[in-house]
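upload-v2.pdb follows (PDB, C-alpha atoms):
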MODEL        1
ATOM      1  CA  MET A   1       0.000   0.000   0.000
ATOM      2  CA  GLN A   2       1.331   3.407  -0.916
ATOM      3  CA  PRO A   3       1.688   6.028   1.828
ATOM      4  CA  ILE A   4      -0.895   8.788   2.030
ATOM      5  CA  VAL A   5       0.279  11.792   0.065
ATOM      6  CA  GLU A   6      -0.951  15.151   1.250
ATOM      7  CA  ARG A   7      -1.938  17.606  -1.433
ATOM      8  CA  PRO A   8      -0.297  21.055  -1.603
ATOM      9  CA  ALA A   9      -2.148  23.576   0.529
ATOM     10  CA  MET A  10      -4.601  25.834  -1.267
ATOM     11  CA  ARG A  11      -4.423  29.585  -0.956
ATOM     12  CA  ARG A  12      -5.824  30.912   2.344
ATOM     13  CA  PRO A  13      -4.917  34.558   3.012
ATOM     14  CA  GLU A  14      -6.073  35.927   6.338
ATOM     15  CA  ARG A  15      -9.179  38.083   6.525
ATOM     16  CA  ALA A  16      -9.168  41.616   7.830
ATOM     17  CA  GLU A  17      -9.587  42.084  11.582
ATOM     18  CA  THR A  18     -12.823  44.041  11.297
ATOM     19  CA  ILE A  19     -16.117  42.204  10.898
ATOM     20  CA  GLY A  20     -18.862  43.172   8.499
ATOM     21  CA  LYS A  21     -22.515  43.922   9.129
ATOM     22  CA  ALA A  22     -23.546  40.342   8.363
ATOM     23  CA  ARG A  23     -21.225  38.889  11.030
ATOM     24  CA  ALA A  24     -22.373  41.528  13.520
ATOM     25  CA  ALA A  25     -26.043  40.665  12.860
ATOM     26  CA  LEU A  26     -25.335  36.961  13.341
ATOM     27  CA  GLU A  27     -23.457  37.485  16.604
ATOM     28  CA  ALA A  28     -26.289  39.657  17.946
ATOM     29  CA  ALA A  29     -28.931  37.075  16.991
ATOM     30  CA  VAL A  30     -27.229  34.158  18.757
ATOM     31  CA  ALA A  31     -26.165  36.015  21.895
ATOM     32  CA  HIS A  32     -29.169  35.624  24.208
ATOM     33  CA  ARG A  33     -31.071  32.476  23.243
ATOM     34  CA  GLU A  34     -31.002  29.284  25.285
ATOM     35  CA  PRO A  35     -28.070  27.072  24.269
ATOM     36  CA  ILE A  36     -28.143  23.479  23.067
ATOM     37  CA  GLY A  37     -25.074  21.262  23.159
ATOM     38  CA  LEU A  38     -23.659  19.303  20.258
ATOM     39  CA  ASP A  39     -24.508  15.947  21.842
ATOM     40  CA  GLU A  40     -28.152  16.957  22.170
ATOM     41  CA  VAL A  41     -28.224  18.225  18.597
ATOM     42  CA  ILE A  42     -26.891  14.901  17.366
ATOM     43  CA  ALA A  43     -29.257  12.881  19.573
ATOM     44  CA  GLU A  44     -32.470  14.845  19.045
ATOM     45  CA  ALA A  45     -32.074  16.907  15.891
ATOM     46  CA  ALA A  46     -29.635  15.060  13.656
ATOM     47  CA  LEU A  47     -32.056  15.116  10.713
ATOM     48  CA  GLN A  48     -29.619  13.509   8.306
ATOM     49  CA  THR A  49     -32.432  13.094   5.758
ATOM     50  CA  ARG A  50     -34.079  16.444   5.198
ATOM     51  CA  VAL A  51     -35.390  19.047   2.791
ATOM     52  CA  ASP A  52     -32.945  21.937   2.454
ATOM     53  CA  ARG A  53     -33.892  25.398   1.221
ATOM     54  CA  LYS A  54     -31.409  28.236   0.851
ATOM     55  CA  PHE A  55     -31.940  31.980   1.181
ATOM     56  CA  LEU A  56     -29.603  34.949   0.807
ATOM     57  CA  LEU A  57     -30.424  37.702   3.311
ATOM     58  CA  THR A  58     -29.211  41.203   4.034
ATOM     59  CA  PRO A  59     -28.274  41.893   7.672
ATOM     60  CA  GLY A  60     -31.573  43.713   8.194
ATOM     61  CA  GLU A  61     -33.627  40.843   6.762
ATOM     62  CA  PHE A  62     -31.745  38.370   8.916
ATOM     63  CA  THR A  63     -32.425  40.352  12.086
ATOM     64  CA  ALA A  64     -36.133  40.356  11.231
ATOM     65  CA  LEU A  65     -36.063  36.590  10.674
ATOM     66  CA  ALA A  66     -34.308  35.929  13.999
ATOM     67  CA  ARG A  67     -36.994  37.918  15.821
ATOM     68  CA  ARG A  68     -39.714  35.744  14.254
ATOM     69  CA  LEU A  69     -38.236  32.442  15.346
ATOM     70  CA  GLY A  70     -39.966  31.259  18.528
ATOM     71  CA  GLU A  71     -38.376  30.548  21.870
ATOM     72  CA  GLU A  72     -38.306  26.842  21.039
ATOM     73  CA  PHE A  73     -35.328  27.555  18.786
ATOM     74  CA  ARG A  74     -32.068  27.304  20.695
ATOM     75  CA  ILE A  75     -28.495  28.059  19.648
ATOM     76  CA  MET A  76     -25.890  25.348  19.288
ATOM     77  CA  GLU A  77     -23.110  26.060  21.770
ATOM     78  CA  ILE A  78     -19.795  24.235  22.232
ATOM     79  CA  ASP A  79     -17.295  25.200  24.933
ATOM     80  CA  GLY A  80     -18.969  28.586  25.327
ATOM     81  CA  LEU A  81     -18.833  29.379  21.585
ATOM     82  CA  ARG A  82     -21.961  30.052  19.522
ATOM     83  CA  THR A  83     -20.443  30.780  16.141
ATOM     84  CA  PHE A  84     -17.849  28.542  14.549
ATOM     85  CA  ARG A  85     -15.535  28.595  11.563
ATOM     86  CA  TYR A  86     -16.084  25.754   9.131
ATOM     87  CA  GLU A  87     -13.406  24.738   6.642
ATOM     88  CA  SER A  88     -14.261  22.401   3.787
ATOM     89  CA  VAL A  89     -12.336  20.766   0.972
ATOM     90  CA  TYR A  90     -14.455  19.547  -1.951
ATOM     91  CA  PHE A  91     -13.489  16.731  -4.298
ATOM     92  CA  ASP A  92     -14.525  16.348  -7.933
ATOM     93  CA  THR A  93     -13.192  14.895 -11.159
ATOM     94  CA  GLU A  94     -10.685  16.771 -13.294
ATOM     95  CA  ASP A  95     -13.494  17.947 -15.587
ATOM     96  CA  PHE A  96     -15.894  18.753 -12.704
ATOM     97  CA  GLU A  97     -18.344  15.920 -13.288
ATOM     98  CA  GLN A  98     -20.326  16.511 -10.097
ATOM     99  CA  TYR A  99     -20.456  20.259 -10.668
ATOM    100  CA  ARG A 100     -21.898  19.599 -14.133
ATOM    101  CA  ALA A 101     -24.360  17.043 -12.724
ATOM    102  CA  HIS A 102     -25.641  19.629 -10.255
ATOM    103  CA  ARG A 103     -25.858  22.357 -12.906
ATOM    104  CA  GLN A 104     -27.876  20.036 -15.142
ATOM    105  CA  GLY A 105     -30.145  18.936 -12.284
ATOM    106  CA  ARG A 106     -29.371  15.249 -12.632
ATOM    107  CA  ARG A 107     -31.221  12.949 -10.266
ATOM    108  CA  ARG A 108     -28.111  10.883  -9.518
ATOM    109  CA  ARG A 109     -25.627  13.368  -8.172
ATOM    110  CA  TYR A 110     -23.568  13.698  -5.044
ATOM    111  CA  LYS A 111     -20.991  15.909  -3.370
ATOM    112  CA  VAL A 112     -17.854  14.720  -1.644
ATOM    113  CA  ARG A 113     -16.044  16.820   0.933
ATOM    114  CA  SER A 114     -13.936  16.937   4.055
ATOM    115  CA  ARG A 115     -15.354  19.274   6.668
ATOM    116  CA  THR A 116     -13.366  20.508   9.643
ATOM    117  CA  TYR A 117     -14.847  22.433  12.551
ATOM    118  CA  ALA A 118     -11.860  24.687  13.092
ATOM    119  CA  ASP A 119     -12.772  25.815  16.616
ATOM    120  CA  THR A 120     -13.250  22.285  17.999
ATOM    121  CA  GLY A 121     -10.892  20.177  15.870
ATOM    122  CA  LEU A 122     -13.616  17.752  14.776
ATOM    123  CA  SER A 123     -13.248  16.617  11.157
ATOM    124  CA  MET A 124     -15.689  14.611   9.032
ATOM    125  CA  PHE A 125     -15.602  13.004   5.604
ATOM    126  CA  GLU A 126     -19.030  13.506   4.021
ATOM    127  CA  ILE A 127     -21.058  12.479   0.990
ATOM    128  CA  LYS A 128     -24.342  14.240   0.237
ATOM    129  CA  THR A 129     -26.755  12.370  -2.032
ATOM    130  CA  LYS A 130     -30.284  12.990  -3.280
ATOM    131  CA  GLY A 131     -33.034  10.799  -1.889
ATOM    132  CA  LEU A 132     -36.729  10.485  -2.628
ATOM    133  CA  ARG A 133     -38.526  13.664  -3.754
ATOM    134  CA  GLY A 134     -35.240  15.561  -3.851
ATOM    135  CA  ALA A 135     -34.475  15.248  -0.134
ATOM    136  CA  THR A 136     -30.820  15.594   0.824
ATOM    137  CA  VAL A 137     -29.229  12.621   2.574
ATOM    138  CA  LYS A 138     -25.895  13.127   4.351
ATOM    139  CA  HIS A 139     -23.542  10.209   4.940
ATOM    140  CA  ARG A 140     -20.442  10.853   7.025
ATOM    141  CA  ILE A 141     -17.667   9.349   9.096
ATOM    142  CA  GLU A 142     -15.249  10.979  11.477
ATOM    143  CA  GLN A 143     -11.658  11.341  10.333
ATOM    144  CA  ASP A 144      -8.334  12.492  11.703
ATOM    145  CA  PRO A 145      -8.129  16.291  11.180
ATOM    146  CA  ARG A 146      -4.700  15.730   9.669
ATOM    147  CA  GLU A 147      -6.419  13.814   6.856
ATOM    148  CA  ALA A 148      -8.769  16.655   5.918
ATOM    149  CA  GLY A 149      -8.317  17.323   2.228
ATOM    150  CA  MET A 150      -6.972  13.836   1.538
ATOM    151  CA  LEU A 151      -8.593  10.719   0.156
ATOM    152  CA  THR A 152      -7.518   7.833   2.355
ATOM    153  CA  GLU A 153      -8.234   4.167   1.810
ATOM    154  CA  HIS A 154     -10.832   4.331   4.590
ATOM    155  CA  SER A 155     -12.665   7.396   3.254
ATOM    156  CA  LEU A 156     -12.583   6.098  -0.313
ATOM    157  CA  GLY A 157     -13.973   2.747   0.803
ATOM    158  CA  PHE A 158     -16.818   4.559   2.556
ATOM    159  CA  LEU A 159     -17.448   6.642  -0.573
ATOM    160  CA  ASP A 160     -17.520   3.530  -2.777
ATOM    161  CA  GLU A 161     -19.986   1.880  -0.403
ATOM    162  CA  VAL A 162     -22.365   4.864  -0.336
ATOM    163  CA  VAL A 163     -22.370   5.561  -4.086
ATOM    164  CA  THR A 164     -22.775   1.865  -4.947
ATOM    165  CA  ARG A 165     -25.650   1.474  -2.500
ATOM    166  CA  GLU A 166     -27.442   4.699  -3.470
ATOM    167  CA  TYR A 167     -26.885   4.751  -7.236
ATOM    168  CA  GLY A 168     -25.274   1.479  -8.291
ATOM    169  CA  GLU A 169     -22.337   3.407  -9.750
ATOM    170  CA  HIS A 170     -18.559   3.311  -9.457
ATOM    171  CA  VAL A 171     -16.706   6.336  -8.140
ATOM    172  CA  PRO A 172     -14.503   8.053 -10.737
ATOM    173  CA  PRO A 173     -11.029   9.377  -9.879
ATOM    174  CA  LEU A 174     -11.395  12.426  -7.661
ATOM    175  CA  GLN A 175      -9.121  15.245  -6.568
ATOM    176  CA  PRO A 176      -9.447  18.362  -4.375
ATOM    177  CA  VAL A 177     -10.841  21.249  -6.409
ATOM    178  CA  LEU A 178     -12.050  23.819  -3.873
ATOM    179  CA  ASP A 179     -11.368  25.099  -0.367
ATOM    180  CA  SER A 180     -14.194  26.996   1.291
ATOM    181  CA  SER A 181     -14.627  28.560   4.701
ATOM    182  CA  TYR A 182     -17.297  30.493   6.547
ATOM    183  CA  VAL A 183     -18.537  31.324  10.042
ATOM    184  CA  ARG A 184     -21.772  29.600  11.057
ATOM    185  CA  GLY A 185     -24.380  29.932  13.768
ATOM    186  CA  THR A 186     -27.052  27.240  14.081
ATOM    187  CA  PHE A 187     -30.609  27.580  15.390
ATOM    188  CA  VAL A 188     -32.084  24.247  16.512
ATOM    189  CA  ASN A 189     -35.612  23.228  17.445
ATOM    190  CA  PRO A 190     -35.078  19.989  19.413
ATOM    191  CA  LEU A 191     -38.810  19.252  19.417
ATOM    192  CA  ASP A 192     -38.999  18.401  15.727
ATOM    193  CA  GLY A 193     -35.387  18.471  14.525
ATOM    194  CA  GLU A 194     -35.730  21.649  12.460
ATOM    195  CA  ARG A 195     -32.486  23.567  12.043
ATOM    196  CA  VAL A 196     -31.529  26.909  10.546
ATOM    197  CA  THR A 197     -27.878  27.381   9.643
ATOM    198  CA  CYS A 198     -26.635  30.927   9.112
ATOM    199  CA  ASP A 199     -23.340  31.468   7.305
ATOM    200  CA  VAL A 200     -21.278  34.636   6.966
ATOM    201  CA  GLU A 201     -17.785  35.542   5.772
ATOM    202  CA  LEU A 202     -17.984  33.052   2.927
ATOM    203  CA  SER A 203     -14.647  32.565   1.184
ATOM    204  CA  TYR A 204     -13.474  30.341  -1.681
ATOM    205  CA  ALA A 205      -9.965  29.382  -2.740
ATOM    206  CA  ASN A 206      -8.021  27.090  -5.007
ATOM    207  CA  ASP A 207      -4.276  26.924  -5.497
ATOM    208  CA  GLU A 208      -4.352  30.061  -7.631
ATOM    209  CA  ARG A 209      -6.463  32.647  -5.818
ATOM    210  CA  ARG A 210      -9.135  33.432  -3.248
ATOM    211  CA  ILE A 211     -12.510  35.152  -3.631
ATOM    212  CA  ASP A 212     -14.556  36.444  -0.694
ATOM    213  CA  GLY A 213     -18.334  36.429  -0.796
ATOM    214  CA  PRO A 214     -20.629  39.415  -0.205
ATOM    215  CA  ASP A 215     -21.524  40.853   3.206
ATOM    216  CA  LEU A 216     -24.738  38.819   3.339
ATOM    217  CA  ILE A 217     -26.045  35.843   5.308
ATOM    218  CA  VAL A 218     -26.611  32.487   3.636
ATOM    219  CA  VAL A 219     -29.550  30.967   5.510
ATOM    220  CA  GLU A 220     -30.371  27.314   5.011
ATOM    221  CA  THR A 221     -33.521  25.789   6.487
ATOM    222  CA  LYS A 222     -33.462  22.066   7.163
ATOM    223  CA  SER A 223     -36.744  20.392   7.962
ATOM    224  CA  ALA A 224     -38.475  17.091   7.342
ATOM    225  CA  ASP A 225     -40.844  18.452   4.688
ATOM    226  CA  GLY A 226     -39.585  21.921   3.697
ATOM    227  CA  ARG A 227     -42.434  23.632   5.561
ATOM    228  CA  GLY A 228     -40.854  24.369   8.904
ATOM    229  CA  VAL A 229     -41.376  27.363  11.171
ATOM    230  CA  SER A 230     -38.378  29.113   9.644
ATOM    231  CA  ASP A 231     -39.682  28.541   6.105
ATOM    232  CA  GLN A 232     -43.002  30.103   7.077
ATOM    233  CA  ALA A 233     -41.273  33.068   8.736
ATOM    234  CA  LEU A 234     -39.215  33.729   5.605
ATOM    235  CA  ALA A 235     -42.337  33.531   3.446
ATOM    236  CA  GLU A 236     -44.097  36.057   5.708
ATOM    237  CA  LEU A 237     -41.128  38.407   5.211
ATOM    238  CA  GLY A 238     -41.462  38.035   1.446
ATOM    239  CA  ILE A 239     -38.054  36.361   1.119
ATOM    240  CA  ARG A 240     -37.938  33.680  -1.545
ATOM    241  CA  PRO A 241     -35.524  30.736  -1.666
ATOM    242  CA  VAL A 242     -32.633  30.845  -4.108
ATOM    243  CA  SER A 243     -31.156  28.075  -6.212
ATOM    244  CA  MET A 244     -27.714  28.086  -4.698
ATOM    245  CA  SER A 245     -25.066  25.530  -3.896
ATOM    246  CA  LYS A 246     -22.120  27.009  -2.014
ATOM    247  CA  TYR A 247     -19.907  24.481  -3.760
ATOM    248  CA  CYS A 248     -21.172  25.322  -7.252
ATOM    249  CA  ILE A 249     -20.988  29.060  -6.632
ATOM    250  CA  GLY A 250     -17.378  28.694  -5.532
ATOM    251  CA  ILE A 251     -16.432  26.574  -8.530
ATOM    252  CA  ALA A 252     -18.119  29.031 -10.901
ATOM    253  CA  LEU A 253     -16.403  32.055  -9.346
ATOM    254  CA  LEU A 254     -12.944  30.491  -9.455
ATOM    255  CA  ASN A 255     -13.371  28.828 -12.860
ATOM    256  CA  PRO A 256     -15.100  31.359 -15.153
ATOM    257  CA  GLN A 257     -14.460  29.152 -18.193
ATOM    258  CA  LEU A 258     -17.123  26.719 -16.907
ATOM    259  CA  PRO A 259     -20.800  27.172 -17.872
ATOM    260  CA  ALA A 260     -22.867  28.497 -14.978
ATOM    261  CA  ASN A 261     -26.088  29.719 -16.569
ATOM    262  CA  LYS A 262     -28.155  28.241 -13.721
ATOM    263  CA  TRP A 263     -26.598  30.762 -11.312
ATOM    264  CA  SER A 264     -25.603  33.585 -13.665
ATOM    265  CA  ARG A 265     -28.054  36.142 -12.236
ATOM    266  CA  LEU A 266     -27.116  35.293  -8.665
ATOM    267  CA  LEU A 267     -23.405  35.429  -9.480
ATOM    268  CA  HIS A 268     -23.757  38.842 -11.113
ATOM    269  CA  GLN A 269     -26.231  40.484  -8.749
ATOM    270  CA  ARG A 270     -25.086  39.137  -5.365
ATOM    271  CA  PHE A 271     -21.533  37.858  -5.811
ATOM    272  CA  ASN A 272     -20.280  40.688  -8.035
ATOM    273  CA  ALA A 273     -19.181  38.397 -10.850
ATOM    274  CA  PRO A 274     -18.882  40.248 -14.197
ATOM    275  CA  GLN A 275     -21.698  39.462 -16.597
ATOM    276  CA  ASP A 276     -19.205  38.471 -19.265
ATOM    277  CA  SER A 277     -17.137  36.262 -16.947
ATOM    278  CA  ARG A 278     -18.686  33.073 -18.284
ATOM    279  CA  GLY A 279     -16.278  31.863 -20.904
ATOM    280  CA  PRO A 280     -16.637  29.224 -23.609
ATOM    281  CA  ARG A 281     -17.784  25.768 -22.613
ATOM    282  CA  THR A 282     -14.365  24.197 -22.377
ATOM    283  CA  ARG A 283     -12.717  21.799 -20.020
ATOM    284  CA  ALA A 284     -11.168  23.377 -16.938
ATOM    285  CA  GLY A 285      -7.499  24.222 -17.264
ATOM    286  CA  ALA A 286      -5.448  21.248 -16.154
ATOM    287  CA  ALA A 287      -2.743  23.550 -14.794
ATOM    288  CA  LEU A 288      -4.960  24.335 -11.794
ATOM    289  CA  ARG A 289      -5.569  20.691 -10.933
ATOM    290  CA  ARG A 290      -3.093  18.685  -8.926
ATOM    291  CA  PRO A 291      -3.801  14.954  -8.837
ATOM    292  CA  VAL A 292      -4.111  13.219  -5.487
ATOM    293  CA  ARG A 293      -2.615   9.773  -5.139
ATOM    294  CA  ILE A 294      -4.865   7.416  -3.226
ATOM    295  CA  PRO A 295      -3.411   4.610  -1.129
ATOM    296  CA  GLY A 296      -3.738   1.285  -2.896
ATOM    297  CA  ARG A 297      -5.210   2.858  -6.036
ATOM    298  CA  GLY A 298      -2.031   3.524  -7.979
TER     299      GLY A 298
ENDMDL
END
In structure tokens, how does this file's structure come out?
Amino acid sequence: MQPIVERPAMRRPERAETIGKARAALEAAVAHREPIGLDEVIAEAALQTRVDRKFLLTPGEFTALARRLGEEFRIMEIDGLRTFRYESVYFDTEDFEQYRAHRQGRRRRYKVRSRTYADTGLSMFEIKTKGLRGATVKHRIEQDPREAGMLTEHSLGFLDEVVTREYGEHVPPLQPVLDSSYVRGTFVNPLDGERVTCDVELSYANDERRIDGPDLIVVETKSADGRGVSDQALAELGIRPVSMSKYCIGIALLNPQLPANKWSRLLHQRFNAPQDSRGPRTRAGAALRRPVRIPGRG
């Protein structure tokens, strides 16, 4: 068996010391609610099969939403912290097969990533698949934080098992294509498992450059049927869901030669991407892709 080979680190410049209005609104919203610990979240509100809906809110809209959520919603707290930095590494094929599957709305699609909770040191290897009626199903195993961003024999075996079971397909060769990070606060209703994740300071990087997202809050509601309390509150505020995958937005921003018509308006209006940034429909430049050797796979 070959030794695990760590990929070269992607570009991660430090952010400025000052925080924006979105981060300030998030910190204010999570400050005074009753806390809920991670163990209780996992035990009572894991909701690994769920309907996800995404929204992009201004700081003012987010403050109004937080005020509408009832007292049953608590804030996930770990070691006294209520907001946490998440760092993810996404894997795809050299020609972005899973990105293209998502853009085309294919039924059989999945995302593969390492996710590290930077403030606690917990690291997970995750696969997100599509279940019945479009529900998102998350499959994950814990991993050594030192293996984040690598495909080990153990993680690849888990990936093979999940994709074979869910879709009857073989996993193609994968490599790291995107680093992303953001700060998240999580509202949890332990009575029915509904969660609302709220992300700010979104940032994307590959081994060439980094792009920071806008000073907005990405809100994702996660409920059993897509009609949770938070969904109703957003509807009452006149805020409509957006078709947005943080992974796909990051890939599109960093790889303007890829087609991204599904998100072109969002990229232009909210992420400040030039309208003419979408280049010809060509394969991504191989110079940006560094293959990852996988133990036992040659």
Per-axis box centre and lengths in Å around segment 162-180 of chain A, 5 Å margin per side, axis-aligned, as lines of an AutoDock Vina configuration file:
center_x = -18.3
center_y = 14.2
center_z = -4.7
size_x = 28.3
size_y = 35.5
size_z = 22.0
Tell me which residues the PyMOL selection byres ((chain A and resi 76) around 9) grabs here, as JSON, numbers by chain.
{"A": [30, 34, 35, 36, 37, 38, 41, 74, 75, 77, 78, 81, 82, 83, 185, 186, 187, 188]}
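For the pair atom CA of Ala22 of chain A and atom CA of Asp215 of chain A, the interatomic distance is 5.6 Å.
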What gap, in Å, lies between atom CA of Ser181 of chain A and atom CA of Lys21 of chain A?
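Spanning atom CA of Ser181 of chain A to atom CA of Lys21 of chain A is a straight-line distance of 17.8 Å.
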What lies within 10 Å of Ser123 of chain A using all atoms listed in the file, ignoring chain neighbours under 6 positions off, as a list in words?
Tyr86, Glu87, Ser88, Ser114, Arg115, Thr116, Tyr117, Ile141, Glu142, Gln143, Asp144, Pro145, Arg146, Glu147 and Ala148 of chain A
If you apply the PyMOL selection byres ((chain A and resi 271) around 10) to this file, what residues do you get, as number ranges by chain?
A: 211-216, 249, 253, 264-270, 272-274
Could you tell me how far atom CA of Leu178 of chain A sits from atom CA of Pro256 of chain A, in Å to one decimal place?
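It comes out at 13.9 Å.
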Could you give me, as a ChimeraX atom specification, the residues that sit within 8 Å of (-32.0, 27.5, 3.7) in the file's coordinates, counting only C-alpha atoms?
/A:52-55,196-197,218-222,241
Can you write just those residues out, C-alpha atoms, as a PDB file, in the coordinates of the input?
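Result saved to selection.pdb:
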ATOM      1  CA  ASP A  52     -32.945  21.937   2.454  1.00  0.00           C
ATOM      2  CA  ARG A  53     -33.892  25.398   1.221  1.00  0.00           C
ATOM      3  CA  LYS A  54     -31.409  28.236   0.851  1.00  0.00           C
ATOM      4  CA  PHE A  55     -31.940  31.980   1.181  1.00  0.00           C
ATOM      5  CA  VAL A 196     -31.529  26.909  10.546  1.00  0.00           C
ATOM      6  CA  THR A 197     -27.878  27.381   9.643  1.00  0.00           C
ATOM      7  CA  VAL A 218     -26.611  32.487   3.636  1.00  0.00           C
ATOM      8  CA  VAL A 219     -29.550  30.967   5.510  1.00  0.00           C
ATOM      9  CA  GLU A 220     -30.371  27.314   5.011  1.00  0.00           C
ATOM     10  CA  THR A 221     -33.521  25.789   6.487  1.00  0.00           C
ATOM     11  CA  LYS A 222     -33.462  22.066   7.163  1.00  0.00           C
ATOM     12  CA  PRO A 241     -35.524  30.736  -1.666  1.00  0.00           C
TER      13      PRO A 241
END
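Remark: for Glu72 of chain A, the closest of the candidate residues A:Asn189, A:Asp207, A:Cys248, A:Thr93 is A:Asn189 (distances computed over only C-alpha atoms).
The smallest atom-to-atom distance between Gly238 of chain A and any of A:Gly250, A:Lys130, A:Gly193, A:Glu61, using all atoms listed in the file, is found for A:Glu61.
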Using all atoms listed in the file, which residue out of A:Val200, A:Val177, A:Ala135, A:Leu234 lies closest to Leu254 of chain A?
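When distances to Leu254 of chain A are compared using all atoms listed in the file, the smallest one comes from A:Val177.
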Check the smallest atom-to-atom distance from each of A:Val229, A:Ile19, A:Ala31, A:Ile127 to Leu69 of chain A using all atoms listed in the file, then report the winner.
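For Leu69 of chain A, the nearest of the candidates is A:Val229.
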If you apply the PyMOL selection byres ((chain A and resi 100) around 12) to this file, what residues do you get, as a PyMOL selection string?
chain A and resi 92-99+101-106+108-111+247-248+251-252+258-262+281+283-284
Using only C-alpha atoms, which residues sit within 9 Å of Lys128 of chain A once same-chain residues fewer than 3 positions away are excluded, as a VMD selection string?
chain A and resid 109 to 113 136 to 140
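Closest approach to Ser223 of chain A from the set A:Arg33, A:Arg67, A:Arg195, A:His154 is made by A:Arg195, with distances taken over only C-alpha atoms.
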Among listed residues A:Gly121, A:Gly20, A:Gly168, A:Pro173, nearest Leu156 of chain A (using only C-alpha atoms):
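Of A:Gly121, A:Gly20, A:Gly168, A:Pro173, the one nearest Leu156 of chain A is A:Pro173, counting only C-alpha atoms.
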Residues around (-10.7, 30.6, 2.2), cut-off 8 Å, counting all atoms listed in the file - what are they as a ChimeraX atom specification?
/A:11-13,87,179-182,202-205,210-212
